[in-house]
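One structure below.
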Amino acid sequence: MPINVYAIATPFVIALALGEFVYCVARRNGYYSFQDSIASMGTAVINQCVNVAVALLVLPLFNALERFSVAKWDATSPLALLGLFLGVDFLFYWFHRFGHRTNIGWAAHSPHHSTEELNYAVALRASVTQRLFSFLFYWPLVVVGFPSEAVLAMVAFHLVLQFIPHTRVIPKLPRWIESWLNTPSHHRVHHARNDLYIDKNYAGFLIIWDRMFGTFQEETEECSYGVTTPPNTWDPTFINFQYWAKLVGDAIHTRSWWDRLRLWVMPTGWRPADLPARTEAGWKQAGAEVKFQSVELPGIRGYLVFQMLTSLPFMLLVSHHASPLSGWRKLVLSALFWAMATAWAGMLESKRWSLGLEIARVLGMGGLVTLWLVQAGAPQAWSALTAGWLAVTLVWLRVSRTTNRGAAPLSQEAAS
């Protein structure tokens with residue numbers, strides 16, 4: 001298995017995100033929304049699990065392609081590593097452009113843009129279907145002679161570097177830096193939904209690709225972040241699969257077989273001519289930006305922060321190469337993470353079912369992980385900490401459930 005760059009980089013990513021958060025709170029600049037950040041972190045945990053699974057699926061394919069390579073490059077050579085990095089950065093530009101310019105690409109990529117904020121929590125909100133598309137774009141690097149494991153490791157390293165520009169804290173840098181590097185200013189443009197900024201700045205590390213291929217736009221006006229038809233929910237399933245559902249629906253309802261086939265690779269937003277125009281809520285009301293907010297279950301914020309922090313060690317049981325868990329156990333734990341993010345979204349939207357789902361998720365995760373750690377012969381302190389987390393969480397949920405029973409009745413829409 002290739003080096004798990006994601007697991008190695010996790011402490012750096014967490015430290016950077018925490019540092020930005022503390023700075024923004026101290027400055028009271030409003031760059032962090034509690035609800036958006038919790039939804040992003042829930043999705044981030046799911047995505048880390050997906051990264052490992054996809055890498056394991058793609059590695060055998062890349063290994064098979066090595067037989068057809070036209071050369072053999074020494075992955076330990078500084079010059080070869082530089083060439084590999086530039087190759088990954090170049091192919092990422094085209095993958096990213098594909099993700100914005102085609103229906104199927106946007107279905108895979110749009111969840112990353114669904115948030116209406118821009119900060120380091122947003123950087124972690126990635127699509128669970130995008131990663132497979134991403135890895136499949138890098139096969140030419142194997143054919144030209146780079147080892148499979150080196151390619152996958154460099155792709156992961158490149159992805160970690162892209163975390164850095166997702167911020168509003170860093171202003172424009174000196175022009176000589178802005179001329180070649182994908183700076184935070186350039187990436188703010190990419191995440192903006194202003195008419196001037198749509199489909200611009202696809203670069204990963206070097207902005208020169210956008211300058212070369214006509215997709216560069218300088219930041220000249222204040223950015224409004226998100227997609228033009230926001231999902232208006234925190235639910236990870238809806239966010240990740242809403243556009244896929246639209247494409248499947250169009251493929252089913254059109255009478256043209258040709259349109260069913262080409263729908264997927266047509267420009268983003270294209271629909272068969274025999275289907276009616278789609279009417280969806282935009283991001284403006286009376287010409288002004290309106291961001292989605294929801295009514296939370298009373299007193300739930302402290303619990304969600306506690307769970308967000310304590311979910312990270314559980315995530316490492318799936319993503320870290322030294323995890324004592326077997327493959328099928330990691331799969332089960334990943335499914336529980338999905339239930340976790342769904343329950344969190346429900347709590348943020350005052351869904352009555354969310355506490356029941358969270359209790360089931362906590363019992364499943366705490367009980368199974370404790371059992372698995374004991375069976376794996378892990379240090380007793382690990383299983384003791386897991387059991388302690390389970391006890392604290394269940395007491396907290398019991399109090400929350402009692403509190404919410406006594407709260408004012410929710411509207412029918414919120415209680416659904």
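By order of appearance in the structure tokens: chains A, B, ..., then residues from 1 within every chain, and ligands from 1 in the order shown.
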request  = Please report, as a PyMOL selection string, each residue of range 94-149 of chain A to which DSSP assigns alpha helix (DSSP H) when run on this structure's backbone.
outcome  = chain A and resi 94-101+103-109+120-123+130-136+139-143+148-149
query = Within 8 Å of range 89-93 of chain A, counting only C-alpha atoms, which residues qualify if same-chain residues fewer than 4 places away don't, as a PyMOL selection string?
reply = chain A and resi 85+97+134+137-138+158+202-206+209
Residues of range 97-122 of chain A that approach range 241-245 of chain A to 10 Å or less, counting only C-alpha atoms: could you list each one with the shortest pair of atoms and its distance in Å to one decimal, rows by chain and increasing residue number, as CSV?
```
residue,atom,partner,partner_atom,distance
A:Asn103,CA,A:Tyr243,CA,8.5
A:Ile104,CA,A:Trp244,CA,7.7
A:Trp106,CA,A:Tyr243,CA,7.8
A:Ala107,CA,A:Tyr243,CA,5.0
A:Ala108,CA,A:Trp244,CA,7.9
A:His109,CA,A:Tyr243,CA,9.8
A:Ser110,CA,A:Tyr243,CA,8.0
A:Pro111,CA,A:Phe241,CA,8.3
```
Let me see the file: selected residues, C-alpha atoms, as a compact mmCIF listing (two decimals), in the first residue's frame.
```txt
# COMPACT_ATOMS: atom_id res chain seq x y z
CA ASN A 103 -22.36 17.32 -16.24
CA ILE A 104 -20.75 14.17 -14.84
CA TRP A 106 -19.85 18.66 -11.85
CA ALA A 107 -21.93 15.89 -10.25
CA ALA A 108 -18.72 14.57 -8.71
CA HIS A 109 -17.16 17.94 -7.83
CA SER A 110 -20.04 20.24 -6.85
CA PRO A 111 -20.31 19.12 -3.18
```
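The neighbours of Ala17 in chain A here are the residues that come within 12 Å of it, using only C-alpha atoms and leaving out any residue fewer than 3 positions away in the same chain; they are Thr10, Pro11, Phe12, Val13, Ile14, Glu20, Phe21, Val22, Tyr23, Cys24, Tyr32, Ser37, Met41, Leu118, Asn119, Tyr120, Ala121, Val122, Ala123, Leu124, Phe163, Ile164, Pro165, His166, Thr167 and Val169 of chain A.
Proximity of A:Gln285, A:Ser294, A:Gln48, A:Gln380 to Met347 in chain A, computed with only C-alpha atoms, is greatest for A:Ser294.
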note = For Leu397 in chain A, the closest of A:Val128, A:Met315, A:Ile300, A:Ala345 counting only C-alpha atoms is A:Ile300
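For the choices A:Ser77, A:Val88, A:Thr102, A:Ile38, the atom-to-atom distance to Met266 in chain A is smallest for A:Thr102 when using only C-alpha atoms.
Among the candidates A:His187, A:Arg278, A:Arg329, A:Lys72, the residue lying nearest to Val144 in chain A is A:Lys72 (atoms considered: only C-alpha atoms).
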note = Residue with the minimum atom-to-atom distance to Phe216 in chain A, picked from A:Ser33, A:Thr310, A:Thr393, A:Asn182 with only C-alpha atoms counted, is A:Asn182
Near-Leu152 in chain A list (12 Å; only C-alpha atoms; drop same-chain fewer than 3 positions) as JSON, numbers by chain = {"A": [1, 2, 3, 4, 5, 6, 51, 52, 54, 55, 56, 57, 58, 59, 60, 61, 62, 63, 75, 84, 85, 88, 131, 132, 134, 135, 136, 137, 138, 139, 141, 142, 146, 147, 148, 149, 155, 156, 157, 158, 159]}
task = Give the strand (DSSP E) residues of range 171-350 of chain A, as assigned by DSSP on the backbone, as a ChimeraX atom specification.
result = /A:284-285,288-289
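With CA of Ser354 in chain A on one side and CA of Cys49 in chain A on the other, the separation reads 22.4 Å.
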ask   = What's the 10 Å shell around range 374-377 of chain A, counting only C-alpha atoms, without same-chain residues fewer than 5 positions away, as a list of chain:residue names?
value = A:Ser323, A:Pro324, A:Leu325, A:Ser326, A:Leu368, A:Val369, A:Trp382, A:Ser383, A:Ala384
Filtering to N, CA, C and O atoms, could you give me those residues as a short mmCIF file (atom, residue, chain, number, x, y, z; two decimals), in the first residue's frame?
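Resulting contents of result27.cif:
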```cif
data_model
loop_
_atom_site.label_atom_id
_atom_site.label_comp_id
_atom_site.auth_asym_id
_atom_site.auth_seq_id
_atom_site.Cartn_x
_atom_site.Cartn_y
_atom_site.Cartn_z
N SER A 323 -3.42 1.24 11.50
CA SER A 323 -4.66 0.86 12.20
C SER A 323 -4.72 -0.66 12.41
O SER A 323 -4.39 -1.43 11.52
N PRO A 324 -5.17 -1.09 13.59
CA PRO A 324 -5.29 -2.54 13.84
C PRO A 324 -6.56 -3.15 13.24
O PRO A 324 -6.75 -4.36 13.33
N LEU A 325 -7.41 -2.35 12.62
CA LEU A 325 -8.68 -2.87 12.10
C LEU A 325 -8.50 -3.49 10.72
O LEU A 325 -7.73 -3.01 9.89
N SER A 326 -9.27 -4.56 10.47
CA SER A 326 -9.27 -5.21 9.16
C SER A 326 -10.09 -4.40 8.17
O SER A 326 -10.78 -3.45 8.54
N LEU A 368 -18.64 -1.50 19.00
CA LEU A 368 -17.84 -2.27 18.05
C LEU A 368 -16.35 -1.94 18.14
O LEU A 368 -15.50 -2.84 18.12
N VAL A 369 -16.02 -0.65 18.24
CA VAL A 369 -14.61 -0.27 18.30
C VAL A 369 -13.96 -0.80 19.58
O VAL A 369 -12.82 -1.30 19.55
N TRP A 382 -6.59 2.14 25.11
CA TRP A 382 -7.37 2.54 23.94
C TRP A 382 -8.84 2.16 24.12
O TRP A 382 -9.74 2.97 23.91
N SER A 383 -9.07 0.89 24.46
CA SER A 383 -10.45 0.44 24.62
C SER A 383 -11.10 1.11 25.82
O SER A 383 -12.31 1.37 25.82
N ALA A 384 -10.32 1.42 26.86
CA ALA A 384 -10.87 2.11 28.03
C ALA A 384 -11.33 3.53 27.65
O ALA A 384 -12.39 3.99 28.08
#
```
Spatial neighbours of Ile208 in chain A, max dist 8 Å, only C-alpha atoms, sep filter under 4 positions, as a short mmCIF file (atom, residue, chain, number, x, y, z; two decimals) with N, CA and C atoms, in the first residue's frame:
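The result, written out as out_39.cif:
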```cif
data_model
loop_
_atom_site.label_atom_id
_atom_site.label_comp_id
_atom_site.auth_asym_id
_atom_site.auth_seq_id
_atom_site.Cartn_x
_atom_site.Cartn_y
_atom_site.Cartn_z
N SER A 179 1.80 35.97 -9.77
CA SER A 179 1.93 35.70 -11.20
C SER A 179 2.11 34.22 -11.53
N TRP A 180 2.59 33.43 -10.56
CA TRP A 180 2.84 32.01 -10.87
C TRP A 180 2.21 31.03 -9.88
N LEU A 181 1.92 31.49 -8.65
CA LEU A 181 1.40 30.59 -7.61
C LEU A 181 -0.11 30.72 -7.50
N ALA A 203 -6.47 26.06 -11.18
CA ALA A 203 -5.13 25.59 -10.82
C ALA A 203 -5.10 24.90 -9.47
N MET A 212 -2.19 30.23 -19.21
CA MET A 212 -1.89 29.66 -20.53
C MET A 212 -3.15 29.29 -21.30
#
```
key: Contact residues around Thr228 in chain A with only C-alpha atoms at 8 Å, ignoring same-chain residues under 4 positions, as a PyMOL selection string   = chain A and resi 193+282-283
